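To be precise, the following lines are upload05.txt, and they hold compact mmCIF, C-alpha atoms.
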```txt
# COMPACT_ATOMS: atom_id res chain seq x y z
CA MET M 1 -24.37 -27.51 -2.10
CA VAL M 2 -25.56 -26.31 1.30
CA LYS M 3 -23.01 -25.67 4.06
CA TYR M 4 -23.89 -25.54 7.75
CA PHE M 5 -21.76 -23.22 9.90
CA SER M 6 -22.01 -23.36 13.67
CA ALA M 7 -20.34 -21.53 16.56
CA ASP M 8 -20.78 -21.00 20.28
CA TRP M 9 -22.96 -18.03 19.38
CA VAL M 10 -24.66 -16.79 16.22
CA PHE M 11 -25.58 -13.09 16.18
CA PRO M 12 -28.25 -12.48 13.50
CA VAL M 13 -28.46 -8.80 14.67
CA ASN M 14 -32.18 -8.52 13.86
CA GLN M 15 -32.98 -10.93 16.69
CA SER M 16 -31.46 -12.23 19.91
CA PRO M 17 -28.19 -14.18 19.66
CA ILE M 18 -28.50 -17.95 19.32
CA ARG M 19 -26.37 -20.12 21.58
CA ASN M 20 -24.85 -23.01 19.59
CA GLY M 21 -26.57 -21.68 16.49
CA VAL M 22 -26.24 -23.00 12.97
CA VAL M 23 -26.43 -20.99 9.75
CA ALA M 24 -27.28 -22.82 6.53
CA VAL M 25 -25.83 -21.21 3.40
CA ASP M 26 -26.30 -22.18 -0.24
CA SER M 27 -23.58 -22.26 -2.89
CA GLU M 28 -24.10 -18.58 -3.69
CA GLY M 29 -23.69 -17.46 -0.08
CA ARG M 30 -27.39 -16.95 0.52
CA ILE M 31 -28.83 -17.72 3.96
CA ILE M 32 -31.45 -20.45 3.69
CA GLN M 33 -32.00 -21.44 7.32
CA LEU M 34 -31.17 -20.65 10.95
CA LEU M 35 -31.36 -23.43 13.52
CA THR M 36 -29.67 -24.78 16.64
CA LEU M 37 -26.87 -27.32 16.74
CA LYS M 38 -29.17 -29.74 18.56
CA ASN M 39 -31.74 -29.53 15.76
CA ALA M 40 -29.07 -29.87 13.08
CA GLU M 41 -27.62 -32.96 14.71
CA SER M 42 -31.07 -34.52 15.10
CA LEU M 43 -31.50 -34.10 11.34
CA GLY M 44 -28.14 -35.75 10.66
CA LEU M 45 -26.68 -32.64 9.04
CA SER M 46 -22.94 -32.25 8.53
CA VAL M 47 -22.05 -29.15 10.51
CA LEU M 48 -18.81 -27.12 10.33
CA ARG M 49 -18.29 -26.39 14.02
CA HIS M 50 -16.25 -23.38 15.23
CA ALA M 51 -15.30 -21.88 18.57
CA GLY M 52 -16.33 -18.25 18.78
CA ALA M 53 -19.17 -16.15 17.41
CA ILE M 54 -20.62 -15.90 13.91
CA VAL M 55 -21.67 -12.39 12.86
CA PRO M 56 -22.69 -10.78 9.54
CA GLY M 57 -20.13 -9.17 7.26
CA PHE M 58 -19.06 -5.69 8.36
CA VAL M 59 -19.94 -2.43 6.61
CA ASN M 60 -17.31 0.32 6.52
CA THR M 61 -19.20 3.55 5.85
CA HIS M 62 -16.15 5.83 5.68
CA CYS M 63 -12.84 5.12 3.99
CA HIS M 64 -10.36 6.87 1.66
CA LEU M 65 -8.98 4.02 -0.43
CA GLU M 66 -6.94 6.36 -2.62
CA LEU M 67 -4.83 7.43 0.38
CA SER M 68 -3.70 3.87 1.16
CA HIS M 69 -0.14 4.56 0.01
CA MET M 70 0.22 7.06 2.87
CA LEU M 71 0.37 4.40 5.58
CA GLY M 72 2.84 5.59 8.23
CA ARG M 73 3.63 8.87 6.45
CA VAL M 74 1.66 11.19 8.73
CA PRO M 75 2.70 11.65 12.38
CA GLU M 76 0.09 10.93 15.03
CA ASN M 77 -1.66 13.48 17.27
CA THR M 78 -0.84 16.52 15.11
CA GLY M 79 -4.41 17.80 15.05
CA LEU M 80 -6.54 18.05 11.92
CA VAL M 81 -5.06 21.27 10.55
CA GLU M 82 -1.51 19.89 10.45
CA PHE M 83 -2.84 16.53 9.25
CA VAL M 84 -4.59 18.13 6.25
CA GLN M 85 -1.47 20.09 5.34
CA THR M 86 0.64 16.94 5.47
CA ILE M 87 -1.83 15.10 3.23
CA ILE M 88 -1.75 17.91 0.68
CA LYS M 89 2.06 18.05 0.68
CA SER M 90 2.67 14.30 0.67
CA ARG M 91 -0.15 12.50 -1.16
CA GLN M 92 1.52 12.51 -4.57
CA ALA M 93 3.24 9.23 -5.47
CA ASP M 94 4.03 6.94 -8.36
CA SER M 95 0.81 5.61 -9.90
CA VAL M 96 2.00 2.00 -9.61
CA GLN M 97 2.72 2.51 -5.92
CA ILE M 98 -0.74 4.00 -5.39
CA GLN M 99 -2.45 1.15 -7.26
CA ASN M 100 -0.54 -1.52 -5.34
CA ALA M 101 -1.34 0.14 -2.02
CA MET M 102 -5.04 0.29 -2.90
CA LEU M 103 -5.05 -3.37 -3.94
CA GLN M 104 -3.45 -4.35 -0.64
CA ALA M 105 -5.89 -2.20 1.34
CA ASP M 106 -8.86 -3.67 -0.51
CA GLN M 107 -7.60 -7.19 0.22
CA GLN M 108 -7.03 -6.27 3.86
CA MET M 109 -10.62 -5.08 4.21
CA PHE M 110 -11.91 -8.22 2.52
CA ASP M 111 -9.81 -10.44 4.80
CA ASN M 112 -11.12 -8.48 7.80
CA GLY M 113 -14.68 -9.40 6.88
CA ILE M 114 -15.77 -6.09 5.36
CA VAL M 115 -18.39 -6.63 2.67
CA ALA M 116 -19.33 -3.03 1.74
CA VAL M 117 -17.55 0.32 1.83
CA GLY M 118 -18.58 3.95 1.49
CA ASP M 119 -15.40 5.34 -0.04
CA ILE M 120 -14.31 8.96 -0.45
CA SER M 121 -12.63 9.84 -3.73
CA ASN M 122 -11.19 13.02 -5.19
CA GLN M 123 -10.15 11.40 -8.45
CA LEU M 124 -10.83 8.37 -10.64
CA ILE M 125 -7.73 6.40 -9.65
CA SER M 126 -9.56 3.84 -7.46
CA LYS M 127 -12.05 2.72 -10.12
CA ALA M 128 -10.04 -0.23 -11.44
CA VAL M 129 -9.50 -1.65 -7.95
CA LYS M 130 -13.18 -1.29 -7.11
CA GLN M 131 -14.30 -2.96 -10.33
CA LYS M 132 -12.23 -6.06 -9.55
CA SER M 133 -12.96 -6.13 -5.82
CA GLN M 134 -15.11 -8.69 -4.02
CA ILE M 135 -16.31 -5.82 -1.82
CA TYR M 136 -19.28 -3.60 -2.71
CA TYR M 137 -18.19 0.04 -3.03
CA HIS M 138 -20.27 3.20 -3.15
CA THR M 139 -17.98 6.07 -4.11
CA PHE M 140 -18.53 9.53 -2.64
CA VAL M 141 -16.90 12.03 -5.00
CA GLU M 142 -15.96 15.03 -2.88
CA ALA M 143 -16.64 18.54 -4.08
CA MET M 144 -14.42 21.17 -2.42
CA GLY M 145 -14.42 24.93 -2.81
CA PHE M 146 -15.00 27.61 -0.19
CA ASN M 147 -15.14 30.49 -2.67
CA PRO M 148 -18.77 30.79 -3.88
CA GLN M 149 -17.65 32.23 -7.22
CA ARG M 150 -16.15 28.87 -8.21
CA ALA M 151 -19.13 26.72 -7.19
CA THR M 152 -20.40 25.94 -10.70
CA ALA M 153 -16.97 24.98 -12.08
CA ILE M 154 -16.21 22.78 -9.05
CA MET M 155 -19.54 21.01 -9.32
CA GLU M 156 -19.05 20.33 -13.03
CA TYR M 157 -15.61 18.85 -12.32
CA ALA M 158 -16.96 16.59 -9.54
CA MET M 159 -19.87 15.49 -11.71
CA GLY M 160 -17.42 14.50 -14.44
CA ILE M 161 -15.54 12.22 -12.04
CA LYS M 162 -18.80 10.80 -10.68
CA ASN M 163 -20.02 10.00 -14.22
CA ASP M 164 -16.68 8.41 -15.09
CA PHE M 165 -17.11 5.98 -12.18
CA ALA M 166 -20.10 4.44 -13.97
CA PRO M 167 -21.32 1.74 -13.90
CA LEU M 168 -20.13 1.69 -10.26
CA PRO M 169 -22.47 3.50 -7.86
CA ALA M 170 -21.29 7.01 -7.00
CA SER M 171 -22.58 10.37 -5.84
CA VAL M 172 -21.22 13.89 -5.44
CA VAL M 173 -20.91 15.00 -1.82
CA PRO M 174 -19.53 17.96 0.15
CA HIS M 175 -16.11 17.48 1.71
CA ALA M 176 -16.61 19.44 4.93
CA PRO M 177 -18.39 22.60 6.17
CA TYR M 178 -15.14 24.60 6.15
CA SER M 179 -14.35 23.70 2.52
CA VAL M 180 -17.76 24.07 0.82
CA SER M 181 -19.52 27.36 0.12
CA PRO M 182 -23.30 27.80 0.49
CA ALA M 183 -23.50 28.05 -3.30
CA LEU M 184 -21.70 24.73 -3.73
CA PHE M 185 -23.87 23.13 -1.04
CA GLU M 186 -26.92 24.19 -3.04
CA LEU M 187 -25.62 22.62 -6.25
CA ILE M 188 -24.73 19.37 -4.47
CA ASN M 189 -28.17 19.18 -2.87
CA LEU M 190 -29.96 19.86 -6.14
CA CYS M 191 -28.03 17.00 -7.74
CA ALA M 192 -28.74 14.68 -4.78
CA GLU M 193 -32.46 15.44 -4.94
CA LYS M 194 -32.56 14.87 -8.70
CA GLU M 195 -30.75 11.53 -8.45
CA ASN M 196 -32.22 10.53 -5.07
CA ALA M 197 -28.65 10.11 -3.85
CA PHE M 198 -27.38 9.96 -0.29
CA ILE M 199 -24.70 12.27 1.06
CA SER M 200 -21.60 12.00 3.24
CA ILE M 201 -19.79 14.91 4.91
CA HIS M 202 -16.94 15.28 7.41
CA ASN M 203 -18.46 16.92 10.48
CA GLN M 204 -16.94 18.59 13.57
CA GLU M 205 -13.72 16.61 13.51
CA THR M 206 -11.79 19.24 15.46
CA VAL M 207 -12.45 22.11 17.86
CA ASN M 208 -10.95 24.44 15.23
CA GLU M 209 -13.98 23.82 13.00
CA ASN M 210 -16.35 25.13 15.66
CA LEU M 211 -14.08 28.08 16.43
CA PHE M 212 -13.98 29.07 12.76
CA PHE M 213 -17.75 29.27 12.43
CA GLU M 214 -18.33 30.78 15.87
CA SER M 215 -15.77 33.57 15.73
CA LYS M 216 -13.51 33.14 12.66
CA THR M 217 -10.63 32.16 14.91
CA GLY M 218 -8.53 29.03 15.44
CA GLY M 219 -6.25 26.86 13.36
CA PHE M 220 -8.22 26.98 10.13
CA LEU M 221 -7.03 30.53 9.50
CA GLY M 222 -3.52 29.10 9.15
CA LEU M 223 -4.85 26.38 6.85
CA TYR M 224 -6.43 28.89 4.47
CA GLU M 225 -3.20 30.88 4.50
CA PHE M 226 -1.29 27.69 3.66
CA LEU M 227 -3.69 27.10 0.76
CA GLY M 228 -3.35 30.69 -0.42
CA LEU M 229 -7.09 31.35 -0.06
CA ASP M 230 -8.53 34.78 0.64
CA ILE M 231 -11.50 34.26 2.97
CA ALA M 232 -12.24 37.94 3.62
CA PHE M 233 -15.78 37.29 2.34
CA PHE M 234 -16.55 34.83 5.16
CA LYS M 235 -18.52 36.12 8.11
CA PRO M 236 -18.71 33.98 11.27
CA THR M 237 -22.16 32.74 12.20
CA GLY M 238 -21.75 32.89 15.97
CA LYS M 239 -22.78 29.22 16.04
CA THR M 240 -20.88 25.96 16.07
CA SER M 241 -20.25 24.25 12.75
CA LEU M 242 -23.23 21.91 12.44
CA PRO M 243 -26.01 24.52 12.95
CA SER M 244 -24.09 26.79 10.58
CA TRP M 245 -24.13 24.42 7.60
CA LEU M 246 -26.97 21.92 8.11
CA PRO M 247 -29.67 24.39 6.94
CA TYR M 248 -27.97 24.27 3.52
CA SER M 249 -28.69 20.55 3.39
CA THR M 250 -31.95 18.95 2.29
CA SER M 251 -33.91 15.97 3.49
CA GLN M 252 -31.63 13.59 1.58
CA LYS M 253 -30.17 10.75 3.65
CA THR M 254 -26.91 12.14 5.05
CA LEU M 255 -23.93 10.60 6.86
CA LEU M 256 -22.16 12.86 9.35
CA VAL M 257 -18.61 11.55 9.67
CA HIS M 258 -16.40 11.79 12.79
CA ASN M 259 -18.51 14.10 15.03
CA THR M 260 -15.60 14.27 17.45
CA MET M 261 -16.62 17.70 18.77
CA SER M 262 -20.40 17.45 18.37
CA GLY M 263 -22.19 18.55 21.55
CA LYS M 264 -25.70 18.29 22.90
CA GLY M 265 -26.81 21.51 21.22
CA ASP M 266 -25.53 20.26 17.86
CA VAL M 267 -27.34 16.95 18.22
CA GLU M 268 -30.61 18.60 19.25
CA PHE M 269 -30.40 21.00 16.29
CA ALA M 270 -29.69 18.13 13.92
CA LYS M 271 -32.63 16.08 15.15
CA GLN M 272 -34.98 19.04 14.82
CA ASN M 273 -33.84 20.08 11.36
CA HIS M 274 -33.05 16.94 9.37
CA PRO M 275 -35.20 13.80 9.16
CA ASP M 276 -32.65 11.28 7.92
CA LEU M 277 -29.21 11.56 9.49
CA TYR M 278 -26.67 8.84 10.24
CA TRP M 279 -23.65 9.45 12.48
CA CYS M 280 -20.42 7.68 11.52
CA LEU M 281 -17.72 7.08 14.13
CA CYS M 282 -14.09 6.44 13.16
CA PRO M 283 -12.56 6.17 16.65
CA LEU M 284 -9.06 4.97 15.76
CA ALA M 285 -8.65 7.79 13.24
CA ASN M 286 -9.93 10.32 15.79
CA LEU M 287 -7.31 9.09 18.24
CA TYR M 288 -4.64 9.11 15.52
CA ILE M 289 -5.32 12.71 14.48
CA GLU M 290 -6.83 14.57 17.45
CA ASN M 291 -6.23 12.08 20.29
CA ALA M 292 -9.91 12.46 21.16
CA LEU M 293 -13.12 10.46 20.85
CA PRO M 294 -16.69 11.63 20.21
CA ASP M 295 -19.19 11.88 23.06
CA VAL M 296 -20.52 8.38 22.42
CA ASP M 297 -22.69 8.44 25.54
CA LEU M 298 -24.48 11.51 24.19
CA LEU M 299 -25.01 10.01 20.75
CA MET M 300 -26.41 6.83 22.29
CA ALA M 301 -28.62 8.69 24.74
CA GLU M 302 -30.10 10.65 21.85
CA ASP M 303 -30.88 7.35 20.06
CA LEU M 304 -29.07 8.35 16.88
CA LYS M 305 -28.44 6.03 13.94
CA ILE M 306 -24.73 5.28 14.29
CA THR M 307 -22.41 3.58 11.80
CA LEU M 308 -18.68 2.81 11.85
CA GLY M 309 -15.80 3.65 9.54
CA THR M 310 -12.06 3.17 9.39
CA ASP M 311 -11.04 6.39 7.63
CA SER M 312 -7.83 5.92 5.62
CA LEU M 313 -4.44 4.34 6.15
CA ALA M 314 -3.11 7.88 6.37
CA SER M 315 -4.92 8.15 9.72
CA ASN M 316 -5.12 4.53 10.85
CA HIS M 317 -2.78 1.57 11.21
CA GLN M 318 -5.26 -0.88 9.68
CA LEU M 319 -8.65 -1.10 7.99
CA ASN M 320 -10.58 -3.30 10.38
CA ILE M 321 -14.08 -2.57 11.63
CA LEU M 322 -13.69 -5.06 14.48
CA SER M 323 -10.75 -2.96 15.73
CA GLU M 324 -13.00 0.10 15.75
CA MET M 325 -15.59 -1.86 17.73
CA LYS M 326 -12.97 -3.08 20.19
CA ILE M 327 -11.64 0.39 21.02
CA LEU M 328 -15.17 1.71 21.60
CA GLN M 329 -15.94 -1.22 23.87
CA GLU M 330 -12.73 -0.62 25.83
CA ARG M 331 -12.82 3.18 26.01
CA LYS M 332 -16.58 3.86 26.01
CA ASN M 333 -18.02 0.65 27.47
CA VAL M 334 -20.44 0.13 24.58
CA SER M 335 -22.08 -3.30 24.56
CA PHE M 336 -21.07 -5.76 21.88
CA GLU M 337 -24.57 -6.14 20.48
CA THR M 338 -24.93 -2.38 20.11
CA LEU M 339 -21.56 -2.12 18.38
CA LEU M 340 -22.46 -4.99 16.08
CA SER M 341 -25.65 -3.26 14.94
CA TRP M 342 -23.61 -0.14 14.14
CA ALA M 343 -21.05 -2.20 12.21
CA THR M 344 -23.56 -4.18 10.16
CA LYS M 345 -27.26 -3.34 10.10
CA ASN M 346 -27.00 0.46 10.31
CA GLY M 347 -24.21 0.66 7.76
CA ALA M 348 -26.14 -1.51 5.31
CA GLU M 349 -29.21 0.67 5.76
CA PHE M 350 -27.28 3.86 5.07
CA LEU M 351 -25.79 2.44 1.86
CA GLY M 352 -29.22 1.16 0.77
CA LEU M 353 -28.10 -2.47 1.04
CA GLN M 354 -30.46 -3.61 3.79
CA ASP M 355 -32.13 -6.19 1.53
CA GLN M 356 -28.80 -7.95 0.98
CA LEU M 357 -26.47 -7.22 3.88
CA GLY M 358 -26.39 -6.30 7.54
CA THR M 359 -28.24 -9.15 9.23
CA ILE M 360 -28.21 -12.94 9.11
CA GLU M 361 -31.68 -13.52 7.67
CA VAL M 362 -33.10 -16.05 5.25
CA GLY M 363 -32.78 -14.73 1.70
CA LYS M 364 -29.88 -12.38 2.40
CA SER M 365 -26.21 -12.78 1.47
CA PRO M 366 -24.49 -10.79 4.23
CA GLY M 367 -21.27 -12.77 4.46
CA LEU M 368 -20.35 -14.59 7.66
CA ASN M 369 -17.46 -13.68 9.97
CA LEU M 370 -16.10 -15.65 12.89
CA ILE M 371 -14.77 -13.60 15.80
CA HIS M 372 -13.66 -14.31 19.37
CA LEU M 373 -15.67 -13.12 22.38
CA SER M 374 -15.40 -13.73 26.10
CA GLU M 375 -18.28 -15.29 27.99
CA ASP M 376 -19.64 -11.82 28.73
CA PHE M 377 -19.34 -10.73 25.08
CA LEU M 378 -16.14 -8.74 25.27
CA ILE M 379 -14.11 -8.64 22.07
CA GLU M 380 -10.98 -10.62 22.93
CA ARG M 381 -8.96 -9.72 19.83
CA ASP M 382 -9.50 -8.02 16.50
CA GLU M 383 -8.82 -11.08 14.34
CA VAL M 384 -11.56 -12.04 11.88
CA LEU M 385 -11.98 -15.35 10.08
CA LYS M 386 -14.10 -14.85 6.99
CA LEU M 387 -16.28 -17.96 6.62
CA ILE M 388 -18.01 -16.85 3.40
```
Written form, structure tokens:
Amino acid sequence: MVKYFSADWVFPVNQSPIRNGVVAVDSEGRIIQLLTLKNAESLGLSVLRHAGAIVPGFVNTHCHLELSHMLGRVPENTGLVEFVQTIIKSRQADSVQIQNAMLQADQQMFDNGIVAVGDISNQLISKAVKQKSQIYYHTFVEAMGFNPQRATAIMEYAMGIKNDFAPLPASVVPHAPYSVSPALFELINLCAEKENAFISIHNQETVNENLFFESKTGGFLGLYEFLGLDIAFFKPTGKTSLPSWLPYSTSQKTLLVHNTMSGKGDVEFAKQNHPDLYWCLCPLANLYIENALPDVDLLMAEDLKITLGTDSLASNHQLNILSEMKILQERKNVSFETLLSWATKNGAEFLGLQDQLGTIEVGKSPGLNLIHLSEDFLIERDEVLKLI
């Protein structure tokens, strides 16, 4: 049975918005036609009319589902170093509590119109939730180890988790520049090239990351002391973080996550040295942890491929991509149509789902969300009604 959904506006993303548009969807959620309300009425079609705007399902390219039980446990505005220490000290919990929190977080994302997630995992605990979910998940299994002597053992451990996630899609990725040795980077890249996998990495989330690579100073020295790690072997590069680690990467499609402290020099270096980068913004998490936002004007001026993420409930009050869009519109004056492309089309492309998701096109099954916009396309509230 075909259903016809109409709203004040339909935003296909791959083309201009349609005033009083109608989207025809078959029983499997596949788009079979786009038309106007006037045309639909002239054909005598039964149209489900809504006030608001119809947009494709959202893509969350960065989340930590397994930290969902930590909602409200971490104080805000502590900075990343203190945040990481709190996570390490407090993430343990009863397995039933963790499972229930993940189930609730998964349902929250589904209710908020999220159709696909790039999810960070350090263990196998989220597999059962993902298998039952109505959301598509690609799991990024993080490899962490700054001591080059342990690179092989760490990679073998991460590969074991990645293989155990089968048949769900998964890949091994580096956690962050300050937690992955050059030797471990090399092993991760060799695996990614062999499997033609894409990569995600936390990038320049705090000024302390740049200080560490530039001069071996800043808050990360206290973090390594907290972890009991001897980093006498590390020599500062005299450069900020991104130019220090990106040469270890390959041409594999790579998602740089956060980018809160990425500057013009970092962006120029990245563009010159890597052909396939995406830049993920998690603004509400950045405000939660560092009380800072990335230089969005710079990223836009450089015409970078930008996606959106929520990060985890340890660093956010909710998992809602529309909320991330709303804060960027309010704080950075980014247009709605630009934000929507980041939240849908670009995210789908990064996850390799562009043939199914990201735009309202005939033949695709992107999901349809109804949201509320003002006449000049300002996001009025972050409530989402999932139509399909």
Report the centre and edge lengths, in Å to one decimal, of an axis-aligned box enclosing every atom of stretch 32-35 of chain M listed in the file, padded by 5 Å on each side, as lines of an AutoDock Vina configuration file.
```
center_x = -31.6
center_y = -21.9
center_z = 8.6
size_x = 10.8
size_y = 13.0
size_z = 19.8
```
Ref. answer, residues at most 9 Å from (-27.7, -13.6, 3.0) with all atoms listed in the file, as a ChimeraX atom specification = /M:25,29-32,56,355-368
Save out the residues we just selected, C-alpha atoms, as a PDB file, keeping the file's coordinate frame.
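Final output, part.pdb:
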```
ATOM      1  CA  VAL M  25     -25.830 -21.210   3.400  1.00  0.00           C
ATOM      2  CA  GLY M  29     -23.690 -17.460  -0.080  1.00  0.00           C
ATOM      3  CA  ARG M  30     -27.390 -16.950   0.520  1.00  0.00           C
ATOM      4  CA  ILE M  31     -28.830 -17.720   3.960  1.00  0.00           C
ATOM      5  CA  ILE M  32     -31.450 -20.450   3.690  1.00  0.00           C
ATOM      6  CA  PRO M  56     -22.690 -10.780   9.540  1.00  0.00           C
ATOM      7  CA  ASP M 355     -32.130  -6.190   1.530  1.00  0.00           C
ATOM      8  CA  GLN M 356     -28.800  -7.950   0.980  1.00  0.00           C
ATOM      9  CA  LEU M 357     -26.470  -7.220   3.880  1.00  0.00           C
ATOM     10  CA  GLY M 358     -26.390  -6.300   7.540  1.00  0.00           C
ATOM     11  CA  THR M 359     -28.240  -9.150   9.230  1.00  0.00           C
ATOM     12  CA  ILE M 360     -28.210 -12.940   9.110  1.00  0.00           C
ATOM     13  CA  GLU M 361     -31.680 -13.520   7.670  1.00  0.00           C
ATOM     14  CA  VAL M 362     -33.100 -16.050   5.250  1.00  0.00           C
ATOM     15  CA  GLY M 363     -32.780 -14.730   1.700  1.00  0.00           C
ATOM     16  CA  LYS M 364     -29.880 -12.380   2.400  1.00  0.00           C
ATOM     17  CA  SER M 365     -26.210 -12.780   1.470  1.00  0.00           C
ATOM     18  CA  PRO M 366     -24.490 -10.790   4.230  1.00  0.00           C
ATOM     19  CA  GLY M 367     -21.270 -12.770   4.460  1.00  0.00           C
ATOM     20  CA  LEU M 368     -20.350 -14.590   7.660  1.00  0.00           C
TER      21      LEU M 368
END
```
inquiry  = Need the shell around M:Leu246: protein/DNA/RNA residues with any atom at most 8 Å away, counting only C-alpha atoms. Skip same-chain ones fewer than 6 positions apart. Format as a list in words?
reply    =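 Close residues of M:Leu246: Ala270, Asn273 and His274 of chain M.
With only C-alpha atoms taken into account, every residue lying no more than 6 Å from the file point (1.6, 1.9, 10.3) is included here: Leu71, Gly72 and His317 of chain M.
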What does the file look like for those residues with C-alpha atoms, as an mmCIF file, in the frame of the given file?
```
data_model
loop_
_atom_site.group_PDB
_atom_site.id
_atom_site.type_symbol
_atom_site.label_atom_id
_atom_site.label_comp_id
_atom_site.auth_asym_id
_atom_site.auth_seq_id
_atom_site.Cartn_x
_atom_site.Cartn_y
_atom_site.Cartn_z
ATOM 1 C CA LEU M 71 0.370 4.400 5.580
ATOM 2 C CA GLY M 72 2.840 5.590 8.230
ATOM 3 C CA HIS M 317 -2.780 1.570 11.210
#
```
task = Would you mind reading off the distance between atom CA of M:Gln108 and atom CA of M:Ala285, one decimal, in Å?
result = 17.0 Å
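Atom CA of M:Phe5 is positioned 9.2 Å from atom CA of M:Ser46.
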query = What lies within 8 Å of M:Met325 using all atoms listed in the file, ignoring chain neighbours under 4 positions off, as an MDAnalysis selection string?
reply = chainID M and resid 321 329 336 339:340 343
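Atom to atom, atom CA of M:Glu195 and atom CA of M:Phe140 stand 13.7 Å apart.
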remark   = Min atom-atom distance to M:Pro169 from the set M:Ala197, M:Val96, M:Leu190, M:Val334, counting only C-alpha atoms, belongs to M:Ala197
Some atoms are missing, so please complete stretch 64-82 of chain M with N, CA and C atoms and return it as a PDB file, in the coordinates of the input.
```
ATOM      1  N   HIS M  64     -11.008   6.142   2.763  1.00  0.00           N
ATOM      2  CA  HIS M  64     -10.360   6.870   1.660  1.00  0.00           C
ATOM      3  C   HIS M  64      -9.364   5.894   1.030  1.00  0.00           C
ATOM      4  N   LEU M  65      -9.833   5.046   0.154  1.00  0.00           N
ATOM      5  CA  LEU M  65      -8.980   4.020  -0.430  1.00  0.00           C
ATOM      6  C   LEU M  65      -7.790   4.633  -1.155  1.00  0.00           C
ATOM      7  N   GLU M  66      -7.999   5.777  -1.807  1.00  0.00           N
ATOM      8  CA  GLU M  66      -6.940   6.360  -2.620  1.00  0.00           C
ATOM      9  C   GLU M  66      -5.787   6.941  -1.798  1.00  0.00           C
ATOM     10  N   LEU M  67      -5.916   6.978  -0.487  1.00  0.00           N
ATOM     11  CA  LEU M  67      -4.830   7.430   0.380  1.00  0.00           C
ATOM     12  C   LEU M  67      -4.054   6.258   1.009  1.00  0.00           C
ATOM     13  N   SER M  68      -4.299   5.051   0.538  1.00  0.00           N
ATOM     14  CA  SER M  68      -3.700   3.870   1.160  1.00  0.00           C
ATOM     15  C   SER M  68      -2.179   3.879   1.121  1.00  0.00           C
ATOM     16  N   HIS M  69      -1.606   4.528   0.126  1.00  0.00           N
ATOM     17  CA  HIS M  69      -0.140   4.560   0.010  1.00  0.00           C
ATOM     18  C   HIS M  69       0.493   5.453   1.080  1.00  0.00           C
ATOM     19  N   MET M  70      -0.308   6.149   1.865  1.00  0.00           N
ATOM     20  CA  MET M  70       0.220   7.060   2.870  1.00  0.00           C
ATOM     21  C   MET M  70       0.325   6.418   4.254  1.00  0.00           C
ATOM     22  N   LEU M  71       0.217   5.114   4.316  1.00  0.00           N
ATOM     23  CA  LEU M  71       0.370   4.400   5.580  1.00  0.00           C
ATOM     24  C   LEU M  71       1.709   4.759   6.234  1.00  0.00           C
ATOM     25  N   GLY M  72       1.638   5.266   7.476  1.00  0.00           N
ATOM     26  CA  GLY M  72       2.840   5.590   8.230  1.00  0.00           C
ATOM     27  C   GLY M  72       3.518   6.891   7.856  1.00  0.00           C
ATOM     28  N   ARG M  73       2.976   7.635   6.900  1.00  0.00           N
ATOM     29  CA  ARG M  73       3.630   8.870   6.450  1.00  0.00           C
ATOM     30  C   ARG M  73       3.274  10.080   7.314  1.00  0.00           C
ATOM     31  N   VAL M  74       2.135  10.027   7.988  1.00  0.00           N
ATOM     32  CA  VAL M  74       1.660  11.190   8.730  1.00  0.00           C
ATOM     33  C   VAL M  74       1.856  10.942  10.222  1.00  0.00           C
ATOM     34  N   PRO M  75       2.527  11.827  10.928  1.00  0.00           N
ATOM     35  CA  PRO M  75       2.700  11.650  12.380  1.00  0.00           C
ATOM     36  C   PRO M  75       1.356  11.642  13.096  1.00  0.00           C
ATOM     37  N   GLU M  76       1.313  10.977  14.246  1.00  0.00           N
ATOM     38  CA  GLU M  76       0.090  10.930  15.030  1.00  0.00           C
ATOM     39  C   GLU M  76      -0.064  12.159  15.910  1.00  0.00           C
ATOM     40  N   ASN M  77      -1.304  12.449  16.285  1.00  0.00           N
ATOM     41  CA  ASN M  77      -1.660  13.480  17.270  1.00  0.00           C
ATOM     42  C   ASN M  77      -1.205  14.880  16.868  1.00  0.00           C
ATOM     43  N   THR M  78      -1.228  15.168  15.571  1.00  0.00           N
ATOM     44  CA  THR M  78      -0.840  16.520  15.110  1.00  0.00           C
ATOM     45  C   THR M  78      -2.014  17.484  15.159  1.00  0.00           C
ATOM     46  N   GLY M  79      -3.234  16.971  15.227  1.00  0.00           N
ATOM     47  CA  GLY M  79      -4.410  17.800  15.050  1.00  0.00           C
ATOM     48  C   GLY M  79      -4.782  17.847  13.574  1.00  0.00           C
ATOM     49  N   LEU M  80      -6.049  18.138  13.293  1.00  0.00           N
ATOM     50  CA  LEU M  80      -6.540  18.050  11.920  1.00  0.00           C
ATOM     51  C   LEU M  80      -5.872  19.047  10.978  1.00  0.00           C
ATOM     52  N   VAL M  81      -5.623  20.262  11.438  1.00  0.00           N
ATOM     53  CA  VAL M  81      -5.060  21.270  10.550  1.00  0.00           C
ATOM     54  C   VAL M  81      -3.702  20.831  10.011  1.00  0.00           C
ATOM     55  N   GLU M  82      -2.824  20.375  10.889  1.00  0.00           N
ATOM     56  CA  GLU M  82      -1.510  19.890  10.450  1.00  0.00           C
ATOM     57  C   GLU M  82      -1.656  18.614   9.622  1.00  0.00           C
TER      58      GLU M  82
END
```
